[in-house]
$ cat target-v2.tsv   # TSV, N, CA, C and O atoms
chain	number	residue	atom	x	y	z
A	1	MET	N	-13.28	67.39	14.70
A	1	MET	CA	-12.60	67.11	15.95
A	1	MET	C	-11.12	66.83	15.70
A	1	MET	O	-10.30	67.24	16.49
A	2	GLN	N	-10.82	66.14	14.57
A	2	GLN	CA	-9.41	65.88	14.26
A	2	GLN	C	-8.67	67.20	14.06
A	2	GLN	O	-7.56	67.37	14.54
A	3	LEU	N	-9.27	68.12	13.34
A	3	LEU	CA	-8.65	69.40	13.06
A	3	LEU	C	-8.38	70.15	14.37
A	3	LEU	O	-7.29	70.70	14.57
A	4	ASP	N	-9.34	70.16	15.26
A	4	ASP	CA	-9.19	70.82	16.54
A	4	ASP	C	-8.05	70.18	17.36
A	4	ASP	O	-7.26	70.88	17.98
A	5	SER	N	-7.95	68.86	17.32
A	5	SER	CA	-6.90	68.17	18.07
A	5	SER	C	-5.50	68.48	17.54
A	5	SER	O	-4.50	68.24	18.23
A	6	MET	N	-5.41	69.03	16.34
A	6	MET	CA	-4.12	69.39	15.74
A	6	MET	C	-3.77	70.86	15.98
A	6	MET	O	-2.78	71.36	15.46
A	7	GLY	N	-4.61	71.55	16.74
A	7	GLY	CA	-4.34	72.94	17.04
A	7	GLY	C	-4.99	73.94	16.11
A	7	GLY	O	-4.77	75.14	16.23
A	8	TYR	N	-5.77	73.45	15.16
A	8	TYR	CA	-6.53	74.33	14.27
A	8	TYR	C	-7.95	74.37	14.81
A	8	TYR	O	-8.73	73.46	14.59
A	9	ASN	N	-8.25	75.44	15.54
A	9	ASN	CA	-9.53	75.43	16.25
A	9	ASN	C	-10.69	76.05	15.49
A	9	ASN	O	-11.73	76.32	16.06
A	10	ILE	N	-10.51	76.28	14.19
A	10	ILE	CA	-11.61	76.79	13.39
A	10	ILE	C	-11.79	75.87	12.18
A	10	ILE	O	-10.88	75.71	11.38
A	11	GLY	N	-12.94	75.26	12.07
A	11	GLY	CA	-13.23	74.40	10.94
A	11	GLY	C	-14.70	74.06	10.92
A	11	GLY	O	-15.37	74.11	11.94
A	12	VAL	N	-15.19	73.74	9.75
A	12	VAL	CA	-16.59	73.40	9.58
A	12	VAL	C	-16.68	72.11	8.80
A	12	VAL	O	-16.08	71.98	7.73
A	13	GLY	N	-17.39	71.14	9.33
A	13	GLY	CA	-17.66	69.90	8.60
A	13	GLY	C	-18.78	70.14	7.61
A	13	GLY	O	-19.82	70.69	7.97
A	14	MET	N	-18.56	69.72	6.37
A	14	MET	CA	-19.56	69.99	5.34
A	14	MET	C	-20.43	68.80	5.02
A	14	MET	O	-21.44	68.93	4.36
A	15	PHE	N	-20.04	67.62	5.45
A	15	PHE	CA	-20.81	66.42	5.13
A	15	PHE	C	-21.00	66.30	3.62
A	15	PHE	O	-22.09	66.29	3.10
A	16	GLY	N	-19.89	66.27	2.92
A	16	GLY	CA	-19.88	66.24	1.46
A	16	GLY	C	-19.53	67.61	0.93
A	16	GLY	O	-18.83	68.37	1.57
A	17	LEU	N	-20.05	67.93	-0.21
A	17	LEU	CA	-19.78	69.23	-0.82
A	17	LEU	C	-21.01	70.11	-0.87
A	17	LEU	O	-21.15	70.96	-1.72
A	18	ASN	N	-21.91	69.89	0.07
A	18	ASN	CA	-23.14	70.66	0.10
A	18	ASN	C	-22.92	71.95	0.88
A	18	ASN	O	-22.33	71.94	1.96
A	19	LEU	N	-23.37	73.06	0.34
A	19	LEU	CA	-23.32	74.35	1.01
A	19	LEU	C	-24.63	75.06	0.73
A	19	LEU	O	-24.89	75.49	-0.40
A	20	SER	N	-25.43	75.17	1.76
A	20	SER	CA	-26.74	75.80	1.59
A	20	SER	C	-26.61	77.33	1.63
A	20	SER	O	-25.59	77.86	2.08
A	21	LYS	N	-27.65	78.00	1.20
A	21	LYS	CA	-27.70	79.46	1.29
A	21	LYS	C	-27.59	79.89	2.76
A	21	LYS	O	-26.94	80.89	3.08
A	22	TYR	N	-28.21	79.14	3.63
A	22	TYR	CA	-28.17	79.45	5.06
A	22	TYR	C	-26.73	79.33	5.60
A	22	TYR	O	-26.27	80.22	6.32
A	23	GLN	N	-26.02	78.26	5.24
A	23	GLN	CA	-24.64	78.09	5.69
A	23	GLN	C	-23.75	79.22	5.15
A	23	GLN	O	-22.91	79.75	5.87
A	24	LEU	N	-23.93	79.57	3.90
A	24	LEU	CA	-23.17	80.67	3.30
A	24	LEU	C	-23.45	81.97	4.05
A	24	LEU	O	-22.54	82.74	4.36
A	25	SER	N	-24.69	82.20	4.38
A	25	SER	CA	-25.09	83.39	5.13
A	25	SER	C	-24.40	83.42	6.49
A	25	SER	O	-23.91	84.47	6.93
A	26	LEU	N	-24.37	82.29	7.18
A	26	LEU	CA	-23.72	82.23	8.49
A	26	LEU	C	-22.22	82.54	8.38
A	26	LEU	O	-21.67	83.28	9.21
A	27	LEU	N	-21.57	81.99	7.38
A	27	LEU	CA	-20.14	82.24	7.20
A	27	LEU	C	-19.87	83.72	6.95
A	27	LEU	O	-18.92	84.30	7.50
A	28	THR	N	-20.70	84.35	6.14
A	28	THR	CA	-20.49	85.77	5.86
A	28	THR	C	-20.75	86.62	7.11
A	28	THR	O	-20.02	87.57	7.38
A	29	LYS	N	-21.75	86.26	7.89
A	29	LYS	CA	-22.07	87.01	9.12
A	29	LYS	C	-20.97	86.86	10.17
A	29	LYS	O	-20.79	87.74	11.00
A	30	LEU	N	-20.24	85.76	10.13
A	30	LEU	CA	-19.15	85.55	11.10
A	30	LEU	C	-17.90	86.34	10.75
A	30	LEU	O	-16.94	86.35	11.51
A	31	GLY	N	-17.90	86.96	9.59
A	31	GLY	CA	-16.74	87.75	9.20
A	31	GLY	C	-15.57	86.91	8.71
A	31	GLY	O	-14.43	87.35	8.74
A	32	ILE	N	-15.86	85.72	8.23
A	32	ILE	CA	-14.83	84.84	7.69
A	32	ILE	C	-14.19	85.51	6.48
A	32	ILE	O	-14.88	86.02	5.61
A	33	GLU	N	-12.86	85.53	6.45
A	33	GLU	CA	-12.14	86.14	5.32
A	33	GLU	C	-11.65	85.11	4.32
A	33	GLU	O	-11.58	85.40	3.13
A	34	GLU	N	-11.29	83.92	4.80
A	34	GLU	CA	-10.75	82.89	3.91
A	34	GLU	C	-11.44	81.56	4.17
A	34	GLU	O	-11.63	81.18	5.32
A	35	VAL	N	-11.78	80.88	3.10
A	35	VAL	CA	-12.31	79.52	3.18
A	35	VAL	C	-11.29	78.60	2.53
A	35	VAL	O	-10.89	78.82	1.38
A	36	ILE	N	-10.87	77.60	3.28
A	36	ILE	CA	-9.94	76.59	2.77
A	36	ILE	C	-10.72	75.30	2.60
A	36	ILE	O	-11.22	74.75	3.59
A	37	ILE	N	-10.85	74.86	1.38
A	37	ILE	CA	-11.60	73.63	1.09
A	37	ILE	C	-10.65	72.46	1.27
A	37	ILE	O	-9.63	72.35	0.59
A	38	GLY	N	-10.98	71.58	2.19
A	38	GLY	CA	-10.16	70.40	2.46
A	38	GLY	C	-11.06	69.19	2.60
A	38	GLY	O	-11.42	68.81	3.71
A	39	ILE	N	-11.43	68.62	1.49
A	39	ILE	CA	-12.40	67.52	1.50
A	39	ILE	C	-11.70	66.19	1.25
A	39	ILE	O	-10.52	66.13	0.93
A	40	ASP	N	-12.46	65.12	1.42
A	40	ASP	CA	-11.92	63.77	1.24
A	40	ASP	C	-11.30	63.59	-0.14
A	40	ASP	O	-11.79	64.13	-1.13
A	41	LYS	N	-10.25	62.79	-0.17
A	41	LYS	CA	-9.56	62.48	-1.43
A	41	LYS	C	-10.35	61.38	-2.15
A	41	LYS	O	-10.17	60.19	-1.91
A	42	ASP	N	-11.22	61.80	-3.03
A	42	ASP	CA	-12.08	60.87	-3.78
A	42	ASP	C	-11.48	60.54	-5.14
A	42	ASP	O	-12.20	60.42	-6.13
A	43	TYR	N	-10.16	60.43	-5.20
A	43	TYR	CA	-9.47	60.10	-6.45
A	43	TYR	C	-8.20	59.32	-6.12
A	43	TYR	O	-7.62	59.47	-5.06
A	44	LEU	N	-7.80	58.46	-7.04
A	44	LEU	CA	-6.59	57.65	-6.85
A	44	LEU	C	-5.34	58.36	-7.36
A	44	LEU	O	-4.24	58.12	-6.88
A	45	GLY	N	-5.49	59.23	-8.33
A	45	GLY	CA	-4.37	59.97	-8.88
A	45	GLY	C	-4.89	61.18	-9.63
A	45	GLY	O	-6.07	61.23	-10.00
A	46	ILE	N	-4.00	62.13	-9.90
A	46	ILE	CA	-4.46	63.35	-10.55
A	46	ILE	C	-4.65	63.20	-12.05
A	46	ILE	O	-5.09	64.12	-12.72
A	47	ASP	N	-4.33	62.03	-12.57
A	47	ASP	CA	-4.52	61.78	-14.00
A	47	ASP	C	-5.68	60.81	-14.24
A	47	ASP	O	-5.67	60.04	-15.19
A	48	THR	N	-6.70	60.87	-13.37
A	48	THR	CA	-7.82	59.94	-13.46
A	48	THR	C	-9.14	60.67	-13.70
A	48	THR	O	-9.25	61.87	-13.45
A	49	ASP	N	-10.14	59.93	-14.15
A	49	ASP	CA	-11.48	60.49	-14.30
A	49	ASP	C	-12.04	60.91	-12.94
A	49	ASP	O	-12.75	61.91	-12.84
A	50	GLU	N	-11.70	60.14	-11.88
A	50	GLU	CA	-12.16	60.49	-10.54
A	50	GLU	C	-11.66	61.88	-10.14
A	50	GLU	O	-12.37	62.65	-9.53
A	51	TYR	N	-10.41	62.17	-10.46
A	51	TYR	CA	-9.85	63.48	-10.14
A	51	TYR	C	-10.58	64.58	-10.91
A	51	TYR	O	-10.90	65.63	-10.35
A	52	ASN	N	-10.87	64.32	-12.17
A	52	ASN	CA	-11.61	65.29	-12.97
A	52	ASN	C	-12.98	65.58	-12.36
A	52	ASN	O	-13.43	66.72	-12.34
A	53	GLU	N	-13.65	64.55	-11.85
A	53	GLU	CA	-14.94	64.72	-11.18
A	53	GLU	C	-14.77	65.50	-9.89
A	53	GLU	O	-15.59	66.36	-9.55
A	54	PHE	N	-13.71	65.19	-9.14
A	54	PHE	CA	-13.38	65.90	-7.91
A	54	PHE	C	-13.23	67.40	-8.21
A	54	PHE	O	-13.80	68.25	-7.54
A	55	VAL	N	-12.48	67.72	-9.26
A	55	VAL	CA	-12.26	69.12	-9.65
A	55	VAL	C	-13.57	69.79	-10.01
A	55	VAL	O	-13.84	70.93	-9.60
A	56	LYS	N	-14.44	69.10	-10.74
A	56	LYS	CA	-15.74	69.67	-11.11
A	56	LYS	C	-16.56	70.00	-9.86
A	56	LYS	O	-17.19	71.06	-9.77
A	57	ARG	N	-16.56	69.08	-8.90
A	57	ARG	CA	-17.34	69.29	-7.67
A	57	ARG	C	-16.78	70.44	-6.85
A	57	ARG	O	-17.52	71.26	-6.33
A	58	VAL	N	-15.45	70.51	-6.76
A	58	VAL	CA	-14.82	71.60	-6.02
A	58	VAL	C	-15.07	72.93	-6.72
A	58	VAL	O	-15.37	73.94	-6.07
A	59	ASN	N	-14.99	72.95	-8.04
A	59	ASN	CA	-15.25	74.19	-8.79
A	59	ASN	C	-16.67	74.69	-8.58
A	59	ASN	O	-16.91	75.90	-8.51
A	60	LYS	N	-17.61	73.78	-8.48
A	60	LYS	CA	-19.00	74.16	-8.21
A	60	LYS	C	-19.10	74.85	-6.85
A	60	LYS	O	-19.78	75.87	-6.70
A	61	LEU	N	-18.39	74.32	-5.86
A	61	LEU	CA	-18.38	74.92	-4.54
A	61	LEU	C	-17.68	76.29	-4.57
A	61	LEU	O	-18.15	77.26	-3.97
A	62	ILE	N	-16.58	76.36	-5.29
A	62	ILE	CA	-15.84	77.63	-5.41
A	62	ILE	C	-16.73	78.71	-6.00
A	62	ILE	O	-16.71	79.85	-5.53
A	63	LYS	N	-17.53	78.37	-6.99
A	63	LYS	CA	-18.44	79.36	-7.60
A	63	LYS	C	-19.39	79.94	-6.57
A	63	LYS	O	-19.73	81.12	-6.62
A	64	ARG	N	-19.84	79.10	-5.63
A	64	ARG	CA	-20.76	79.56	-4.58
A	64	ARG	C	-20.07	80.50	-3.60
A	64	ARG	O	-20.69	81.39	-3.04
A	65	LEU	N	-18.76	80.28	-3.38
A	65	LEU	CA	-18.01	81.04	-2.37
A	65	LEU	C	-17.34	82.30	-2.92
A	65	LEU	O	-17.07	83.24	-2.17
A	66	LYS	N	-17.07	82.28	-4.23
A	66	LYS	CA	-16.33	83.39	-4.84
A	66	LYS	C	-17.09	84.70	-4.69
A	66	LYS	O	-18.30	84.74	-4.79
A	67	GLY	N	-16.35	85.74	-4.43
A	67	GLY	CA	-16.94	87.04	-4.21
A	67	GLY	C	-17.22	87.33	-2.74
A	67	GLY	O	-17.44	88.47	-2.35
A	68	TYR	N	-17.23	86.28	-1.92
A	68	TYR	CA	-17.44	86.45	-0.49
A	68	TYR	C	-16.15	86.28	0.31
A	68	TYR	O	-15.97	86.92	1.34
A	69	PHE	N	-15.29	85.37	-0.15
A	69	PHE	CA	-14.11	84.98	0.62
A	69	PHE	C	-12.89	84.79	-0.27
A	69	PHE	O	-13.03	84.52	-1.46
A	70	LYS	N	-11.73	84.87	0.33
A	70	LYS	CA	-10.52	84.36	-0.30
A	70	LYS	C	-10.65	82.83	-0.21
A	70	LYS	O	-11.07	82.30	0.81
A	71	ILE	N	-10.29	82.12	-1.29
A	71	ILE	CA	-10.52	80.67	-1.34
A	71	ILE	C	-9.23	79.96	-1.69
A	71	ILE	O	-8.49	80.38	-2.58
A	72	SER	N	-8.99	78.86	-1.00
A	72	SER	CA	-7.90	77.96	-1.37
A	72	SER	C	-8.37	76.52	-1.17
A	72	SER	O	-9.36	76.26	-0.48
A	73	VAL	N	-7.67	75.60	-1.82
A	73	VAL	CA	-8.07	74.20	-1.82
A	73	VAL	C	-6.88	73.33	-1.44
A	73	VAL	O	-5.78	73.51	-1.97
A	74	ILE	N	-7.11	72.40	-0.55
A	74	ILE	CA	-6.11	71.40	-0.21
A	74	ILE	C	-6.26	70.25	-1.20
A	74	ILE	O	-7.34	69.65	-1.29
A	75	VAL	N	-5.20	69.98	-1.95
A	75	VAL	CA	-5.19	68.89	-2.94
A	75	VAL	C	-3.95	68.04	-2.69
A	75	VAL	O	-2.86	68.57	-2.55
A	76	ASP	N	-4.13	66.73	-2.64
A	76	ASP	CA	-3.01	65.82	-2.45
A	76	ASP	C	-2.47	65.38	-3.80
A	76	ASP	O	-2.96	64.44	-4.40
A	77	CYS	N	-1.44	66.07	-4.26
A	77	CYS	CA	-0.81	65.73	-5.55
A	77	CYS	C	0.36	64.77	-5.37
A	77	CYS	O	0.86	64.24	-6.36
A	78	ASP	N	0.78	64.54	-4.13
A	78	ASP	CA	1.96	63.72	-3.86
A	78	ASP	C	1.65	62.32	-3.33
A	78	ASP	O	2.56	61.60	-2.94
A	79	GLY	N	0.39	61.96	-3.27
A	79	GLY	CA	0.03	60.63	-2.79
A	79	GLY	C	0.25	60.44	-1.30
A	79	GLY	O	0.55	59.33	-0.84
A	80	LEU	N	0.08	61.48	-0.51
A	80	LEU	CA	0.27	61.40	0.94
A	80	LEU	C	-0.93	60.76	1.63
A	80	LEU	O	-0.79	60.18	2.70
A	81	LEU	N	-2.09	60.90	1.02
A	81	LEU	CA	-3.32	60.34	1.58
A	81	LEU	C	-3.74	59.11	0.80
A	81	LEU	O	-3.43	58.97	-0.38
A	82	ASP	N	-4.47	58.24	1.47
A	82	ASP	CA	-5.07	57.09	0.80
A	82	ASP	C	-6.42	57.52	0.23
A	82	ASP	O	-6.98	58.56	0.60
A	83	TYR	N	-6.94	56.70	-0.65
A	83	TYR	CA	-8.25	56.92	-1.25
A	83	TYR	C	-9.29	57.09	-0.15
A	83	TYR	O	-9.34	56.31	0.80
A	84	LYS	N	-10.10	58.12	-0.25
A	84	LYS	CA	-11.20	58.45	0.67
A	84	LYS	C	-10.73	59.07	1.99
A	84	LYS	O	-11.55	59.37	2.85
A	85	ASP	N	-9.42	59.28	2.19
A	85	ASP	CA	-8.94	59.95	3.39
A	85	ASP	C	-9.31	61.43	3.35
A	85	ASP	O	-9.32	62.05	2.29
A	86	SER	N	-9.55	61.98	4.52
A	86	SER	CA	-9.66	63.44	4.63
A	86	SER	C	-8.25	63.98	4.86
A	86	SER	O	-7.34	63.22	5.23
A	87	PRO	N	-8.04	65.27	4.65
A	87	PRO	CA	-6.70	65.82	4.84
A	87	PRO	C	-6.15	65.66	6.26
A	87	PRO	O	-4.95	65.73	6.47
A	88	THR	N	-7.01	65.40	7.24
A	88	THR	CA	-6.56	65.24	8.62
A	88	THR	C	-6.32	63.78	9.02
A	88	THR	O	-5.79	63.53	10.10
A	89	ASP	N	-6.67	62.83	8.18
A	89	ASP	CA	-6.64	61.42	8.57
A	89	ASP	C	-5.24	60.84	8.81
A	89	ASP	O	-5.12	59.85	9.52
A	90	LYS	N	-4.21	61.44	8.26
A	90	LYS	CA	-2.85	60.91	8.42
A	90	LYS	C	-2.04	61.64	9.49
A	90	LYS	O	-0.84	61.47	9.59
A	91	GLY	N	-2.70	62.49	10.25
A	91	GLY	CA	-2.04	63.17	11.35
A	91	GLY	C	-1.59	64.58	11.02
A	91	GLY	O	-1.68	65.05	9.89
A	92	LYS	N	-1.08	65.23	12.07
A	92	LYS	CA	-0.73	66.65	11.99
A	92	LYS	C	0.39	66.93	11.00
A	92	LYS	O	0.32	67.91	10.26
A	93	GLU	N	1.40	66.11	10.95
A	93	GLU	CA	2.53	66.38	10.05
A	93	GLU	C	2.09	66.41	8.59
A	93	GLU	O	2.45	67.32	7.83
A	94	ILE	N	1.31	65.42	8.19
A	94	ILE	CA	0.82	65.36	6.81
A	94	ILE	C	-0.16	66.51	6.55
A	94	ILE	O	-0.09	67.17	5.52
A	95	PHE	N	-1.05	66.78	7.51
A	95	PHE	CA	-1.99	67.88	7.32
A	95	PHE	C	-1.24	69.20	7.16
A	95	PHE	O	-1.57	70.00	6.28
A	96	ASP	N	-0.25	69.43	8.01
A	96	ASP	CA	0.51	70.68	7.91
A	96	ASP	C	1.16	70.83	6.54
A	96	ASP	O	1.17	71.92	5.96
A	97	LYS	N	1.69	69.73	6.01
A	97	LYS	CA	2.31	69.78	4.68
A	97	LYS	C	1.26	70.12	3.60
A	97	LYS	O	1.48	70.99	2.77
A	98	LEU	N	0.12	69.44	3.66
A	98	LEU	CA	-0.95	69.71	2.69
A	98	LEU	C	-1.47	71.14	2.84
A	98	LEU	O	-1.74	71.83	1.85
A	99	PHE	N	-1.60	71.59	4.07
A	99	PHE	CA	-2.09	72.94	4.36
A	99	PHE	C	-1.16	74.00	3.77
A	99	PHE	O	-1.60	74.96	3.14
A	100	LYS	N	0.13	73.80	3.95
A	100	LYS	CA	1.12	74.77	3.44
A	100	LYS	C	1.16	74.78	1.92
A	100	LYS	O	1.50	75.80	1.32
A	101	GLU	N	0.80	73.66	1.27
A	101	GLU	CA	0.86	73.56	-0.19
A	101	GLU	C	-0.50	73.79	-0.85
A	101	GLU	O	-0.66	73.54	-2.04
A	102	ARG	N	-1.47	74.28	-0.09
A	102	ARG	CA	-2.82	74.50	-0.64
A	102	ARG	C	-2.74	75.46	-1.83
A	102	ARG	O	-1.83	76.28	-1.93
A	103	ILE	N	-3.71	75.33	-2.69
A	103	ILE	CA	-3.75	76.10	-3.93
A	103	ILE	C	-4.76	77.24	-3.79
A	103	ILE	O	-5.94	77.00	-3.52
A	104	SER	N	-4.29	78.46	-3.98
A	104	SER	CA	-5.20	79.62	-3.94
A	104	SER	C	-5.92	79.72	-5.29
A	104	SER	O	-5.33	79.51	-6.33
A	105	VAL	N	-7.22	80.05	-5.21
A	105	VAL	CA	-8.00	80.21	-6.43
A	105	VAL	C	-8.59	81.59	-6.52
A	105	VAL	O	-8.64	82.31	-5.58
$ encode --input "target-v2.tsv" --output "structure tokens"
Amino acid sequence: MQLDSMGYNIGVGMFGLNLSKYQLSLLTKLGIEEVIIGIDKDYLGIDTDEYNEFVKRVNKLIKRLKGYFKISVIVDCDGLLDYKDSPTDKGKEIFDKLFKERISV
């Protein structure tokens, strides 16, 4: 709902990093070309064990999506978000900045 209120009317809540075969099938049937992973910031800094775990979890999701979609990831390297914030929690200006700086994989 936050994403929609910012003018981005296409988004899917994942409720964590779970992606079932059924969900993957639905995304492919919808003709989705790009998946942008923008999950909660579960790390305090990019030089932490938490960040390394975050990367492992995101990479696992990327493996499931690769070959079906163009993929990019929203990562907060500048400390714009607080711990456990989603990319939309700080408002449209911060989200737009994170969105523009997303990393293509």
$ residues_around --input "target-v2.tsv" --residues "range 21-24 of chain A" --least-positions-apart "5" --cutoff "9 Å" --atoms "only C-alpha atoms" --output "list in words"
Lys29, Arg64, Leu65 and Tyr68 of chain A
$ select_by_dssp --input "target-v2.tsv" --residues "range 4-44 of chain A" --states "helix (DSSP H, G or I)" --output "list in words"
Asp4, Ser5, Lys21, Tyr22, Gln23, Leu24, Ser25, Leu26, Leu27, Thr28 and Lys29 of chain A
$ residues_around --input "target-v2.tsv" --residues "Arg102 in chain A" --least-positions-apart "3" --cutoff "8 Å" --atoms "all atoms listed in the file" --output "short mmCIF file (atom, residue, chain, number, x, y, z; two decimals) with N, CA, C and O atoms, in the coordinates of the input"
data_model
loop_
_atom_site.label_atom_id
_atom_site.label_comp_id
_atom_site.auth_asym_id
_atom_site.auth_seq_id
_atom_site.Cartn_x
_atom_site.Cartn_y
_atom_site.Cartn_z
N ILE A 37 -10.85 74.86 1.38
CA ILE A 37 -11.60 73.63 1.09
C ILE A 37 -10.65 72.46 1.27
O ILE A 37 -9.63 72.35 0.59
N ILE A 71 -10.29 82.12 -1.29
CA ILE A 71 -10.52 80.67 -1.34
C ILE A 71 -9.23 79.96 -1.69
O ILE A 71 -8.49 80.38 -2.58
N SER A 72 -8.99 78.86 -1.00
CA SER A 72 -7.90 77.96 -1.37
C SER A 72 -8.37 76.52 -1.17
O SER A 72 -9.36 76.26 -0.48
N VAL A 73 -7.67 75.60 -1.82
CA VAL A 73 -8.07 74.20 -1.82
C VAL A 73 -6.88 73.33 -1.44
O VAL A 73 -5.78 73.51 -1.97
N ILE A 74 -7.11 72.40 -0.55
CA ILE A 74 -6.11 71.40 -0.21
C ILE A 74 -6.26 70.25 -1.20
O ILE A 74 -7.34 69.65 -1.29
N VAL A 75 -5.20 69.98 -1.95
CA VAL A 75 -5.19 68.89 -2.94
C VAL A 75 -3.95 68.04 -2.69
O VAL A 75 -2.86 68.57 -2.55
N PHE A 95 -1.05 66.78 7.51
CA PHE A 95 -1.99 67.88 7.32
C PHE A 95 -1.24 69.20 7.16
O PHE A 95 -1.57 70.00 6.28
N ASP A 96 -0.25 69.43 8.01
CA ASP A 96 0.51 70.68 7.91
C ASP A 96 1.16 70.83 6.54
O ASP A 96 1.17 71.92 5.96
N LYS A 97 1.69 69.73 6.01
CA LYS A 97 2.31 69.78 4.68
C LYS A 97 1.26 70.12 3.60
O LYS A 97 1.48 70.99 2.77
N LEU A 98 0.12 69.44 3.66
CA LEU A 98 -0.95 69.71 2.69
C LEU A 98 -1.47 71.14 2.84
O LEU A 98 -1.74 71.83 1.85
N PHE A 99 -1.60 71.59 4.07
CA PHE A 99 -2.09 72.94 4.36
C PHE A 99 -1.16 74.00 3.77
O PHE A 99 -1.60 74.96 3.14
N VAL A 105 -7.22 80.05 -5.21
CA VAL A 105 -8.00 80.21 -6.43
C VAL A 105 -8.59 81.59 -6.52
O VAL A 105 -8.64 82.31 -5.58
#
$ residues_around --input "target-v2.tsv" --residues "Phe69 in chain A" --least-positions-apart "5" --cutoff "7 Å" --atoms "all atoms listed in the file" --output "PyMOL selection string"
chain A and resi 32-35+105
$ select_by_dssp --input "target-v2.tsv" --residues "range 23-65 of chain A" --states "strand (DSSP E or B)" --output "list of chain:residue names"
A:Glu34, A:Val35, A:Ile36, A:Ile37
$ closest_residue --input "target-v2.tsv" --among "A:Leu27, A:Lys66, A:Lys84, A:Ile36" --to "Phe54 in chain A" --atoms "only C-alpha atoms"
A:Lys84
$ closest_residue --input "target-v2.tsv" --among "A:Leu44, A:Thr88, A:Asp76, A:Val58" --to "Gly11 in chain A" --atoms "only C-alpha atoms"
A:Thr88
$ closest_residue --input "target-v2.tsv" --among "A:Gly91, A:Gly31, A:Gly79, A:Gly67" --to "Gln2 in chain A" --atoms "all atoms listed in the file"
A:Gly91
$ atom_distance --input "target-v2.tsv" --atom1 "CA of Leu81 in chain A" --atom2 "CA of Gly38 in chain A"
12.2 Å
$ atom_distance --input "target-v2.tsv" --atom1 "atom C of Ser104 in chain A" --atom2 "atom C of Met14 in chain A"
20.9 Å
$ residues_near_point --input "target-v2.tsv" --point "(-11.1, 66.7, 1.3)" --cutoff "5 Å" --atoms "all atoms listed in the file" --output "list in words"
Gly38, Ile39, Asp40, Lys41, Ser86 and Pro87 of chain A
$ atom_distance --input "target-v2.tsv" --atom1 "atom N of Gly45 in chain A" --atom2 "atom O of Cys77 in chain A"
8.3 Å
$ closest_residue --input "target-v2.tsv" --among "A:Leu26, A:Arg57, A:Lys100, A:Lys92" --to "Gly7 in chain A" --atoms "all atoms listed in the file"
A:Lys92
$ decode --input "target-v2.tsv" --residues "range 47-78 of chain A" --atoms "C-alpha atoms" --output "PDB file, in the first residue's frame"
ATOM      1  CA  ASP A  47      30.372  -4.440   6.953  1.00  0.00           C
ATOM      2  CA  THR A  48      28.412  -6.681   9.344  1.00  0.00           C
ATOM      3  CA  ASP A  49      27.561 -10.366   9.632  1.00  0.00           C
ATOM      4  CA  GLU A  50      23.886  -9.361   9.334  1.00  0.00           C
ATOM      5  CA  TYR A  51      24.584  -7.849   5.926  1.00  0.00           C
ATOM      6  CA  ASN A  52      26.381 -11.012   4.826  1.00  0.00           C
ATOM      7  CA  GLU A  53      23.302 -13.036   5.844  1.00  0.00           C
ATOM      8  CA  PHE A  54      21.066 -10.550   4.017  1.00  0.00           C
ATOM      9  CA  VAL A  55      23.168 -11.037   0.860  1.00  0.00           C
ATOM     10  CA  LYS A  56      22.953 -14.836   1.176  1.00  0.00           C
ATOM     11  CA  ARG A  57      19.157 -14.685   1.477  1.00  0.00           C
ATOM     12  CA  VAL A  58      18.815 -12.303  -1.457  1.00  0.00           C
ATOM     13  CA  ASN A  59      21.154 -14.447  -3.582  1.00  0.00           C
ATOM     14  CA  LYS A  60      18.982 -17.482  -2.866  1.00  0.00           C
ATOM     15  CA  LEU A  61      15.967 -15.554  -4.152  1.00  0.00           C
ATOM     16  CA  ILE A  62      17.906 -14.317  -7.189  1.00  0.00           C
ATOM     17  CA  LYS A  63      18.755 -17.918  -8.110  1.00  0.00           C
ATOM     18  CA  ARG A  64      15.026 -18.712  -8.192  1.00  0.00           C
ATOM     19  CA  LEU A  65      14.272 -15.701 -10.425  1.00  0.00           C
ATOM     20  CA  LYS A  66      17.263 -15.817 -12.762  1.00  0.00           C
ATOM     21  CA  GLY A  67      16.476 -16.918 -16.271  1.00  0.00           C
ATOM     22  CA  TYR A  68      12.911 -15.644 -16.016  1.00  0.00           C
ATOM     23  CA  PHE A  69      13.353 -11.915 -15.372  1.00  0.00           C
ATOM     24  CA  LYS A  70      15.751  -9.014 -15.379  1.00  0.00           C
ATOM     25  CA  ILE A  71      16.630  -8.618 -11.673  1.00  0.00           C
ATOM     26  CA  SER A  72      17.773  -5.721  -9.544  1.00  0.00           C
ATOM     27  CA  VAL A  73      18.053  -5.202  -5.802  1.00  0.00           C
ATOM     28  CA  ILE A  74      17.426  -2.160  -3.647  1.00  0.00           C
ATOM     29  CA  VAL A  75      20.241  -1.946  -1.083  1.00  0.00           C
ATOM     30  CA  ASP A  76      20.717   0.876   1.421  1.00  0.00           C
ATOM     31  CA  CYS A  77      24.466   1.503   1.418  1.00  0.00           C
ATOM     32  CA  ASP A  78      24.145   5.110   2.634  1.00  0.00           C
TER      33      ASP A  78
END
